[in-house]
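Just final27.csv here, CSV, C-alpha atoms (C1' of nucleotides):
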chain,number,residue,atom,x,y,z
A,8,MET,CA,-1.4,-27.0,20.3
A,9,SER,CA,-1.5,-24.9,17.2
A,10,ASN,CA,-4.7,-23.1,18.3
A,11,SER,CA,-3.8,-20.9,21.3
A,12,LEU,CA,-6.8,-18.5,21.1
A,13,THR,CA,-8.9,-17.4,24.0
A,14,SER,CA,-12.4,-16.5,23.3
A,15,GLU,CA,-11.8,-13.0,24.8
A,16,GLY,CA,-8.8,-12.4,22.7
A,17,LEU,CA,-10.7,-13.5,19.6
A,18,ALA,CA,-13.6,-11.2,20.4
A,19,ALA,CA,-11.2,-8.3,20.8
A,20,LEU,CA,-9.8,-9.0,17.4
A,21,MET,CA,-13.0,-9.4,15.6
A,22,GLN,CA,-14.9,-6.3,16.6
A,23,ARG,CA,-15.5,-3.8,13.9
A,24,GLY,CA,-13.9,-0.4,13.8
A,25,ASN,CA,-10.8,-2.1,14.9
A,26,LEU,CA,-9.0,-0.6,12.0
A,27,PHE,CA,-8.7,2.7,13.8
A,28,SER,CA,-6.6,1.3,16.6
A,29,ASP,CA,-3.1,0.7,15.4
A,30,LYS,CA,-1.7,-2.8,15.2
A,31,CYS,CA,-4.9,-4.1,13.9
A,32,PRO,CA,-3.9,-7.4,12.2
A,33,SER,CA,-6.4,-6.8,9.4
A,34,ARG,CA,-4.2,-3.9,8.3
A,35,ASP,CA,-1.4,-6.3,7.5
A,36,VAL,CA,-3.6,-8.5,5.3
A,37,LEU,CA,-4.9,-5.5,3.6
A,38,LYS,CA,-1.4,-4.4,3.0
A,39,HIS,CA,-0.4,-7.7,1.5
A,40,VAL,CA,-3.3,-8.0,-1.0
A,41,THR,CA,-3.2,-4.3,-2.1
A,42,SER,CA,0.5,-4.1,-2.3
A,43,ARG,CA,2.1,-3.3,-5.7
A,44,TRP,CA,2.7,-6.9,-6.7
A,45,GLY,CA,0.0,-8.5,-4.5
A,46,VAL,CA,-2.8,-7.2,-6.7
A,47,LEU,CA,-1.1,-8.5,-9.8
A,48,VAL,CA,-0.3,-11.9,-8.4
A,49,LEU,CA,-3.9,-12.4,-7.4
A,50,LEU,CA,-5.0,-11.2,-10.8
A,51,ALA,CA,-2.6,-13.6,-12.5
A,52,LEU,CA,-3.8,-16.5,-10.5
A,53,MET,CA,-7.5,-15.8,-10.8
A,54,ASP,CA,-8.0,-18.1,-13.8
A,55,GLY,CA,-7.8,-21.1,-11.4
A,56,GLU,CA,-4.9,-22.7,-13.2
A,57,GLN,CA,-1.6,-23.8,-11.8
A,58,HIS,CA,1.2,-21.4,-12.4
A,59,ARG,CA,4.9,-22.0,-12.2
A,60,PHE,CA,7.2,-19.4,-10.7
A,61,SER,CA,8.8,-18.5,-14.0
A,62,ALA,CA,5.5,-18.3,-15.7
A,63,LEU,CA,4.3,-15.8,-13.2
A,64,LYS,CA,7.5,-13.9,-13.6
A,65,ARG,CA,6.8,-13.7,-17.3
A,66,LYS,CA,3.2,-12.7,-16.9
A,67,ILE,CA,3.8,-10.0,-14.3
A,68,LEU,CA,6.0,-7.6,-16.2
A,69,GLY,CA,8.6,-5.8,-14.2
A,70,VAL,CA,8.6,-7.9,-11.1
A,71,SER,CA,11.9,-9.1,-9.7
A,72,GLU,CA,12.4,-12.6,-8.5
A,73,LYS,CA,12.9,-11.4,-5.0
A,74,MET,CA,9.6,-9.4,-4.9
A,75,LEU,CA,7.7,-12.2,-6.6
A,76,ALA,CA,8.9,-14.8,-4.1
A,77,GLN,CA,8.3,-12.4,-1.2
A,78,THR,CA,4.8,-11.7,-2.4
A,79,LEU,CA,3.9,-15.3,-2.9
A,80,GLN,CA,5.2,-16.2,0.5
A,81,LEU,CA,3.1,-13.5,2.2
A,82,LEU,CA,-0.1,-14.5,0.3
A,83,GLU,CA,0.7,-18.1,1.1
A,84,SER,CA,1.1,-17.3,4.8
A,85,ASP,CA,-2.3,-15.6,4.7
A,86,GLY,CA,-3.9,-18.7,3.2
A,87,PHE,CA,-4.7,-17.1,-0.1
A,88,VAL,CA,-2.1,-19.0,-2.2
A,89,LYS,CA,-1.4,-22.7,-2.3
A,90,ARG,CA,2.2,-23.8,-3.1
A,91,THR,CA,2.7,-27.2,-4.5
A,92,VAL,CA,6.2,-28.6,-4.8
A,93,TYR,CA,7.0,-31.6,-7.0
A,94,PRO,CA,10.2,-33.2,-5.7
A,95,VAL,CA,11.9,-33.7,-9.0
A,96,VAL,CA,15.0,-32.4,-10.8
A,97,PRO,CA,14.8,-29.7,-12.0
A,98,PRO,CA,12.6,-28.4,-9.2
A,99,HIS,CA,9.0,-27.9,-10.1
A,100,VAL,CA,6.7,-25.6,-8.1
A,101,GLU,CA,3.2,-24.6,-8.9
A,102,TYR,CA,1.1,-21.8,-7.4
A,103,SER,CA,-2.7,-21.5,-7.3
A,104,LEU,CA,-5.4,-19.7,-5.4
A,105,THR,CA,-7.1,-21.3,-2.4
A,106,ASP,CA,-10.9,-20.9,-2.0
A,107,LEU,CA,-10.2,-18.1,0.4
A,108,GLY,CA,-7.8,-16.6,-2.2
A,109,HIS,CA,-10.4,-16.7,-4.9
A,110,LYS,CA,-12.8,-14.8,-2.6
A,111,ILE,CA,-10.4,-12.0,-1.6
A,112,ALA,CA,-9.2,-11.8,-5.2
A,113,ALA,CA,-12.7,-11.1,-6.2
A,114,GLN,CA,-12.9,-8.3,-3.6
A,115,VAL,CA,-9.6,-6.7,-4.7
A,116,VAL,CA,-10.4,-7.0,-8.4
A,117,GLY,CA,-13.8,-5.5,-7.6
A,118,LEU,CA,-12.1,-2.5,-6.2
A,119,ALA,CA,-9.6,-2.2,-9.0
A,120,ASP,CA,-12.4,-2.6,-11.6
A,121,TRP,CA,-14.4,0.1,-9.9
A,122,ILE,CA,-11.5,2.5,-10.2
A,123,GLU,CA,-11.0,1.6,-13.8
A,124,GLU,CA,-14.7,2.0,-14.6
A,125,ASN,CA,-14.9,5.4,-12.9
A,126,PHE,CA,-11.4,6.5,-13.9
A,127,LEU,CA,-12.8,9.1,-16.3
A,128,GLN,CA,-14.5,10.9,-13.4
A,129,ILE,CA,-11.4,10.6,-11.3
A,130,MET,CA,-9.2,12.0,-14.0
A,131,GLN,CA,-11.6,14.9,-14.5
A,132,ALA,CA,-11.4,15.7,-10.8
A,133,GLN,CA,-7.6,15.5,-11.0
A,134,GLU,CA,-7.6,18.0,-13.8
A,135,GLN,CA,-9.8,20.4,-12.0
A,136,TYR,CA,-7.6,20.1,-9.0
A,137,GLN,CA,-4.5,20.7,-11.1
A,138,ALA,CA,-6.1,23.8,-12.7
A,139,GLN,CA,-7.1,25.1,-9.3
A,140,GLN,CA,-3.5,24.7,-8.1
A,141,THR,CA,-2.1,26.4,-11.2
A,142,SER,CA,-4.4,29.4,-10.8
A,143,ASN,CA,-3.4,29.7,-7.2
A,144,LEU,CA,0.2,29.6,-8.3
A,145,GLN,CA,-0.3,32.3,-10.9
A,146,HIS,CA,-1.9,34.4,-8.2
A,147,TRP,CA,1.1,34.9,-6.1
A,148,GLN,CA,3.5,35.0,-9.0
A,149,SER,CA,2.1,38.4,-10.1
B,8,MET,CA,-6.5,23.8,-22.2
B,9,SER,CA,-7.0,21.6,-19.2
B,10,ASN,CA,-8.3,18.7,-21.2
B,11,SER,CA,-5.5,17.4,-23.4
B,12,LEU,CA,-6.7,13.9,-24.0
B,13,THR,CA,-6.9,12.2,-27.3
B,14,SER,CA,-9.5,9.5,-27.8
B,15,GLU,CA,-6.8,7.0,-28.6
B,16,GLY,CA,-4.9,7.8,-25.4
B,17,LEU,CA,-8.1,7.6,-23.4
B,18,ALA,CA,-9.0,4.2,-25.0
B,19,ALA,CA,-5.5,2.9,-24.1
B,20,LEU,CA,-6.0,4.0,-20.5
B,21,MET,CA,-9.4,2.5,-20.1
B,22,GLN,CA,-9.0,-1.0,-21.3
B,23,ARG,CA,-9.1,-3.8,-18.8
B,24,GLY,CA,-6.1,-5.8,-17.7
B,25,ASN,CA,-4.1,-2.6,-17.9
B,26,LEU,CA,-3.0,-3.1,-14.3
B,27,PHE,CA,-0.4,-5.5,-15.6
B,28,SER,CA,1.4,-2.9,-17.6
B,29,ASP,CA,3.3,-0.7,-15.2
B,30,LYS,CA,2.5,3.0,-15.0
B,31,CYS,CA,-1.2,2.2,-15.1
B,32,PRO,CA,-2.8,5.4,-13.5
B,33,SER,CA,-5.4,3.2,-11.8
B,34,ARG,CA,-2.6,1.9,-9.6
B,35,ASP,CA,-2.0,5.3,-8.2
B,36,VAL,CA,-5.6,5.7,-7.2
B,37,LEU,CA,-5.6,2.3,-5.7
B,38,LYS,CA,-2.5,3.2,-3.8
B,39,HIS,CA,-4.1,6.3,-2.4
B,40,VAL,CA,-7.3,4.7,-1.1
B,41,THR,CA,-5.6,1.6,0.3
B,42,SER,CA,-2.7,3.4,1.9
B,43,ARG,CA,-2.2,3.2,5.6
B,44,TRP,CA,-4.0,6.4,6.3
B,45,GLY,CA,-6.2,6.6,3.2
B,46,VAL,CA,-8.4,3.8,4.5
B,47,LEU,CA,-8.8,5.4,7.9
B,48,VAL,CA,-9.6,8.8,6.4
B,49,LEU,CA,-12.3,7.3,4.2
B,50,LEU,CA,-13.7,5.4,7.1
B,51,ALA,CA,-13.7,8.5,9.3
B,52,LEU,CA,-15.5,10.5,6.7
B,53,MET,CA,-18.1,7.9,5.8
B,54,ASP,CA,-20.7,9.2,8.2
B,55,GLY,CA,-21.4,12.0,5.8
B,56,GLU,CA,-20.6,14.8,8.3
B,57,GLN,CA,-18.2,17.6,8.0
B,58,HIS,CA,-14.9,17.1,9.8
B,59,ARG,CA,-12.3,19.5,10.9
B,60,PHE,CA,-8.6,18.8,10.5
B,61,SER,CA,-8.0,18.6,14.3
B,62,ALA,CA,-11.1,16.4,14.7
B,63,LEU,CA,-9.8,14.0,12.2
B,64,LYS,CA,-6.4,14.0,13.9
B,65,ARG,CA,-8.1,13.1,17.1
B,66,LYS,CA,-10.3,10.4,15.5
B,67,ILE,CA,-7.5,8.7,13.6
B,68,LEU,CA,-5.1,7.7,16.3
B,69,GLY,CA,-1.5,7.8,15.6
B,70,VAL,CA,-1.5,9.9,12.4
B,71,SER,CA,0.9,12.7,12.1
B,72,GLU,CA,-0.2,16.1,10.9
B,73,LYS,CA,2.0,15.7,7.9
B,74,MET,CA,0.5,12.4,6.8
B,75,LEU,CA,-3.0,13.6,7.5
B,76,ALA,CA,-2.6,16.7,5.4
B,77,GLN,CA,-0.9,14.7,2.6
B,78,THR,CA,-3.5,12.0,2.6
B,79,LEU,CA,-6.3,14.5,2.5
B,80,GLN,CA,-4.7,16.3,-0.4
B,81,LEU,CA,-4.3,13.1,-2.4
B,82,LEU,CA,-7.9,12.1,-1.8
B,83,GLU,CA,-9.0,15.6,-2.7
B,84,SER,CA,-7.0,15.6,-5.9
B,85,ASP,CA,-8.6,12.3,-6.8
B,86,GLY,CA,-12.1,13.9,-6.3
B,87,PHE,CA,-13.0,11.8,-3.3
B,88,VAL,CA,-12.7,14.4,-0.6
B,89,LYS,CA,-14.2,17.9,-0.6
B,90,ARG,CA,-12.3,20.6,1.2
B,91,THR,CA,-14.3,23.7,2.5
B,92,VAL,CA,-12.4,26.7,3.8
B,93,TYR,CA,-14.1,29.3,5.9
B,94,PRO,CA,-12.0,32.5,5.7
B,95,VAL,CA,-12.1,33.4,9.4
B,96,VAL,CA,-9.6,33.7,12.2
B,97,PRO,CA,-8.7,31.3,13.4
B,98,PRO,CA,-8.9,29.3,10.2
B,99,HIS,CA,-11.7,26.9,9.8
B,100,VAL,CA,-11.5,24.0,7.3
B,101,GLU,CA,-13.9,21.2,6.9
B,102,TYR,CA,-13.6,17.9,5.1
B,103,SER,CA,-16.2,15.6,3.7
B,104,LEU,CA,-16.7,12.9,1.1
B,105,THR,CA,-17.9,13.7,-2.4
B,106,ASP,CA,-20.4,11.4,-4.1
B,107,LEU,CA,-17.5,9.7,-5.8
B,108,GLY,CA,-15.8,9.4,-2.4
B,109,HIS,CA,-18.7,7.7,-0.8
B,110,LYS,CA,-18.8,5.2,-3.6
B,111,ILE,CA,-15.1,4.2,-3.4
B,112,ALA,CA,-15.2,4.3,0.4
B,113,ALA,CA,-17.9,1.7,0.2
B,114,GLN,CA,-15.7,-0.5,-2.0
B,115,VAL,CA,-12.7,-0.1,0.2
B,116,VAL,CA,-14.6,-0.7,3.4
B,117,GLY,CA,-16.2,-3.7,1.7
B,118,LEU,CA,-12.7,-5.2,1.3
B,119,ALA,CA,-11.7,-4.3,4.8
B,120,ASP,CA,-14.9,-5.7,6.2
B,121,TRP,CA,-14.4,-8.9,4.2
B,122,ILE,CA,-11.0,-9.3,5.8
B,123,GLU,CA,-12.3,-8.7,9.3
B,124,GLU,CA,-15.2,-11.1,8.7
B,125,ASN,CA,-12.9,-13.8,7.4
B,126,PHE,CA,-10.0,-13.0,9.7
B,127,LEU,CA,-10.5,-16.2,11.7
B,128,GLN,CA,-9.8,-18.3,8.7
B,129,ILE,CA,-6.8,-16.2,7.7
B,130,MET,CA,-5.4,-16.4,11.2
B,131,GLN,CA,-5.7,-20.2,11.2
B,132,ALA,CA,-3.9,-20.3,7.9
B,133,GLN,CA,-1.1,-18.1,9.3
B,134,GLU,CA,-0.8,-20.4,12.3
B,135,GLN,CA,-0.5,-23.4,10.1
B,136,TYR,CA,2.1,-21.7,8.0
B,137,GLN,CA,4.0,-20.7,11.1
B,138,ALA,CA,3.9,-24.3,12.4
B,139,GLN,CA,5.1,-25.6,9.1
B,140,GLN,CA,8.0,-23.1,9.1
B,141,THR,CA,8.9,-24.0,12.7
B,142,SER,CA,9.0,-27.7,11.9
B,143,ASN,CA,11.2,-27.2,8.9
B,144,LEU,CA,13.5,-25.2,11.2
B,145,GLN,CA,13.7,-27.9,13.7
B,146,HIS,CA,14.5,-30.3,10.9
B,147,TRP,CA,17.9,-28.8,10.0
B,148,GLN,CA,18.7,-27.8,13.6
B,149,SER,CA,19.1,-31.5,14.6
C,23,DC,C1',-6.2,26.4,13.8
C,24,DT,C1',-4.4,24.6,9.8
C,25,DG,C1',-1.1,23.6,7.6
C,26,DA,C1',4.0,24.1,4.9
C,27,DA,C1',9.1,23.2,5.3
C,28,DT,C1',12.8,20.9,7.1
C,29,DC,C1',15.5,17.1,8.6
C,30,DC,C1',16.2,12.5,9.7
C,31,DT,C1',15.1,7.6,10.2
C,32,DT,C1',13.1,3.6,8.5
C,33,DG,C1',11.7,0.3,5.3
C,34,DC,C1',10.7,-1.0,0.8
C,35,DT,C1',12.8,-2.2,-3.7
C,36,DG,C1',15.7,-3.9,-7.1
C,37,DA,C1',20.2,-5.5,-9.1
C,38,DT,C1',23.6,-8.8,-8.5
C,39,DA,C1',25.5,-13.0,-7.2
C,40,DC,C1',25.1,-17.5,-5.3
C,41,DT,C1',22.8,-22.3,-3.9
C,42,DG,C1',20.2,-26.9,-4.2
D,4,DC,C1',14.1,-24.2,-12.2
D,5,DA,C1',13.3,-22.0,-8.1
D,6,DG,C1',14.6,-19.7,-5.2
D,7,DT,C1',18.1,-17.2,-1.1
D,8,DA,C1',21.6,-13.6,0.5
D,9,DT,C1',23.5,-9.4,0.4
D,10,DC,C1',23.9,-4.7,-0.4
D,11,DA,C1',22.9,0.0,-2.2
D,12,DG,C1',19.4,3.6,-3.5
D,13,DC,C1',15.4,5.8,-2.8
D,14,DA,C1',10.9,7.1,-1.2
D,15,DA,C1',7.6,6.9,2.6
D,16,DG,C1',7.0,8.1,7.2
D,17,DG,C1',7.6,10.8,11.5
D,18,DA,C1',9.2,14.6,14.7
D,19,DT,C1',10.1,19.2,14.9
D,20,DT,C1',9.8,23.8,13.7
D,21,DC,C1',7.9,27.8,11.4
D,22,DA,C1',4.0,30.6,9.1
D,23,DG,C1',-0.7,32.7,7.7
Would you kindly transcribe this structure into structure tokens?
Amino acid sequence: MSNSLTSEGLAALMQRGNLFSDKCPSRDVLKHVTSRWGVLVLLALMDGEQHRFSALKRKILGVSEKMLAQTLQLLESDGFVKRTVYPVVPPHVEYSLTDLGHKIAAQVVGLADWIEENFLQIMQAQEQYQAQQTSNLQHWQS
Amino acid sequence: MSNSLTSEGLAALMQRGNLFSDKCPSRDVLKHVTSRWGVLVLLALMDGEQHRFSALKRKILGVSEKMLAQTLQLLESDGFVKRTVYPVVPPHVEYSLTDLGHKIAAQVVGLADWIEENFLQIMQAQEQYQAQQTSNLQHWQS
DNA sequence: CTGAATCCTTGCTGATACTG
DNA sequence: CAGTATCAGCAAGGATTCAG
């Protein structure tokens, strides 16, 4: 059948702190949703509407067809994106978020928003770091 | 001086939805904290203790010295990690999270935890997707 | 002990061309 | 319209070596 899980195997997968041991499957999902285009796809689909492939391509500036298709496939395989095909000519495909997709999108966007909100502080830290590096540089230059 | 920001430039950087336009500096920070080792470093430092380089290397299984040093530098330059050097022989360096670091670590771990908590659903979606792909495969094989 | 520097391999990415 | 296939370029990642 499709579900071949043992309760022991499941327990091993679900325990916390698993991220430290390599090959943790959660890392793959994290990779998908935080990837360069993954974030943008989730963001683009968050309005709950149906979106066509070409519409997404227009909305997400700079993405190639290959990467968009690849990202959509990954997110679909994780159960975050729903792909609806209308068997007509010319082909018509629509993408939208699943319930699960909406939830993880909220998490990802929450993280992204936090960064944007606190970006001023981060930038100041970066400048301080830069200044520190520069002064160290000047030190051994003399 | 170190601060060369104009108010217009800052305003342009801070507006929401900026993630869509490429070269958004927030994307770099997002990349740092969600990178393969970035997540694990934040997780390892979340206890609030001081951690030595070699201790982190032992704690984060599989990380190379190069990537650990690189990750720590990035997180330090973003103001998330504090690096304390004790000028003794042999060298003694300690790493810990800043206040800002604790906050973003909470966000990142929140996302990671969400994935782990909902991993059962995700895995089921992956199995369904796999099954679907396999059946499609068998279709044209015959 | 804590890294920096080097080399080398891998994998991601994007441009192009092609299919149903 | 909605992709797939292929290939080339580049950057991330890792192993090793060297240095303060």
Set out as CSV a contact list for chain C and chain A with a cut-off of 12 Å, giving each residue of chain C that qualifies its closest atom pair and distance in Å to one decimal, counting only C-alpha atoms (C1' of nucleotides), ordered by chain and rising residue number.
residue,atom,partner,partner_atom,distance
C:DC34,C1',A:Met74,CA,10.2
C:DT35,C1',A:Met74,CA,8.0
C:DG36,C1',A:Ser71,CA,6.9
C:DA37,C1',A:Ser71,CA,9.1
C:DT38,C1',A:Lys73,CA,11.6
C:DG42,C1',A:Pro98,CA,9.2
Using all atoms listed in the file, what table do you get, as a tab-separated table, when you list each residue of chain D with an atom no more than 12 Å from chain B, its nearest pair of atoms, and their distance in Å rounded to one decimal, rows by chain then rising number?
residue	atom	partner	partner_atom	distance
D:DA15	C1'	B:Met74	CA	9.9
D:DG16	C1'	B:Met74	CA	7.8
D:DG17	C1'	B:Ser71	CA	7.0
D:DA18	C1'	B:Ser71	CA	8.9
D:DT19	C1'	B:Lys73	CA	11.3
D:DG23	C1'	B:Pro98	CA	9.2
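Taking atom CA of B:Ala62 and atom CA of B:Val116 as the two end points, the separation is 20.8 Å.
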Quiz item: Could you work out how far atom CA of A:Pro32 lies from atom CA of A:Trp44, giving the answer in Å with one decimal?
Solution: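 Pair atom CA of A:Trp44 / atom CA of A:Pro32 returns 20.0 Å.
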Quiz item: atom CA of A:Val40 to atom CA of A:Gly55: how many Å, to one decimal?
Solution: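 Result for atom CA of A:Val40 versus atom CA of A:Gly55: 17.3 Å, one decimal.
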With a cut-off of 9 Å and counting all atoms listed in the file, select all residues of chain B in contact with chain A and give the selection as a PDB file with C-alpha atoms, keeping the file's coordinate frame.
ATOM      1  CA  SER B   9      -7.000  21.600 -19.200  1.00  0.00           C
ATOM      2  CA  ASN B  10      -8.300  18.700 -21.200  1.00  0.00           C
ATOM      3  CA  LEU B  17      -8.100   7.600 -23.400  1.00  0.00           C
ATOM      4  CA  LEU B  20      -6.000   4.000 -20.500  1.00  0.00           C
ATOM      5  CA  MET B  21      -9.400   2.500 -20.100  1.00  0.00           C
ATOM      6  CA  GLN B  22      -9.000  -1.000 -21.300  1.00  0.00           C
ATOM      7  CA  ARG B  23      -9.100  -3.800 -18.800  1.00  0.00           C
ATOM      8  CA  GLY B  24      -6.100  -5.800 -17.700  1.00  0.00           C
ATOM      9  CA  LEU B  26      -3.000  -3.100 -14.300  1.00  0.00           C
ATOM     10  CA  PHE B  27      -0.400  -5.500 -15.600  1.00  0.00           C
ATOM     11  CA  SER B  28       1.400  -2.900 -17.600  1.00  0.00           C
ATOM     12  CA  ASP B  29       3.300  -0.700 -15.200  1.00  0.00           C
ATOM     13  CA  PRO B  32      -2.800   5.400 -13.500  1.00  0.00           C
ATOM     14  CA  SER B  33      -5.400   3.200 -11.800  1.00  0.00           C
ATOM     15  CA  ARG B  34      -2.600   1.900  -9.600  1.00  0.00           C
ATOM     16  CA  VAL B  36      -5.600   5.700  -7.200  1.00  0.00           C
ATOM     17  CA  LEU B  37      -5.600   2.300  -5.700  1.00  0.00           C
ATOM     18  CA  LYS B  38      -2.500   3.200  -3.800  1.00  0.00           C
ATOM     19  CA  THR B  41      -5.600   1.600   0.300  1.00  0.00           C
ATOM     20  CA  SER B  42      -2.700   3.400   1.900  1.00  0.00           C
ATOM     21  CA  ARG B  43      -2.200   3.200   5.600  1.00  0.00           C
ATOM     22  CA  VAL B  46      -8.400   3.800   4.500  1.00  0.00           C
ATOM     23  CA  LEU B  47      -8.800   5.400   7.900  1.00  0.00           C
ATOM     24  CA  LEU B  50     -13.700   5.400   7.100  1.00  0.00           C
ATOM     25  CA  ALA B  51     -13.700   8.500   9.300  1.00  0.00           C
ATOM     26  CA  LYS B  66     -10.300  10.400  15.500  1.00  0.00           C
ATOM     27  CA  ILE B  67      -7.500   8.700  13.600  1.00  0.00           C
ATOM     28  CA  LEU B  68      -5.100   7.700  16.300  1.00  0.00           C
ATOM     29  CA  GLY B  69      -1.500   7.800  15.600  1.00  0.00           C
ATOM     30  CA  GLU B  83      -9.000  15.600  -2.700  1.00  0.00           C
ATOM     31  CA  SER B  84      -7.000  15.600  -5.900  1.00  0.00           C
ATOM     32  CA  ASP B  85      -8.600  12.300  -6.800  1.00  0.00           C
ATOM     33  CA  GLY B  86     -12.100  13.900  -6.300  1.00  0.00           C
ATOM     34  CA  PHE B  87     -13.000  11.800  -3.300  1.00  0.00           C
ATOM     35  CA  LEU B 107     -17.500   9.700  -5.800  1.00  0.00           C
ATOM     36  CA  ILE B 111     -15.100   4.200  -3.400  1.00  0.00           C
ATOM     37  CA  GLN B 114     -15.700  -0.500  -2.000  1.00  0.00           C
ATOM     38  CA  VAL B 115     -12.700  -0.100   0.200  1.00  0.00           C
ATOM     39  CA  GLY B 117     -16.200  -3.700   1.700  1.00  0.00           C
ATOM     40  CA  LEU B 118     -12.700  -5.200   1.300  1.00  0.00           C
ATOM     41  CA  ALA B 119     -11.700  -4.300   4.800  1.00  0.00           C
ATOM     42  CA  ASP B 120     -14.900  -5.700   6.200  1.00  0.00           C
ATOM     43  CA  TRP B 121     -14.400  -8.900   4.200  1.00  0.00           C
ATOM     44  CA  ILE B 122     -11.000  -9.300   5.800  1.00  0.00           C
ATOM     45  CA  GLU B 123     -12.300  -8.700   9.300  1.00  0.00           C
ATOM     46  CA  GLU B 124     -15.200 -11.100   8.700  1.00  0.00           C
ATOM     47  CA  ASN B 125     -12.900 -13.800   7.400  1.00  0.00           C
ATOM     48  CA  PHE B 126     -10.000 -13.000   9.700  1.00  0.00           C
ATOM     49  CA  LEU B 127     -10.500 -16.200  11.700  1.00  0.00           C
ATOM     50  CA  GLN B 128      -9.800 -18.300   8.700  1.00  0.00           C
ATOM     51  CA  ILE B 129      -6.800 -16.200   7.700  1.00  0.00           C
ATOM     52  CA  MET B 130      -5.400 -16.400  11.200  1.00  0.00           C
ATOM     53  CA  GLN B 131      -5.700 -20.200  11.200  1.00  0.00           C
ATOM     54  CA  ALA B 132      -3.900 -20.300   7.900  1.00  0.00           C
ATOM     55  CA  GLN B 133      -1.100 -18.100   9.300  1.00  0.00           C
ATOM     56  CA  GLU B 134      -0.800 -20.400  12.300  1.00  0.00           C
ATOM     57  CA  GLN B 135      -0.500 -23.400  10.100  1.00  0.00           C
ATOM     58  CA  TYR B 136       2.100 -21.700   8.000  1.00  0.00           C
ATOM     59  CA  GLN B 137       4.000 -20.700  11.100  1.00  0.00           C
ATOM     60  CA  ALA B 138       3.900 -24.300  12.400  1.00  0.00           C
TER      61      ALA B 138
END
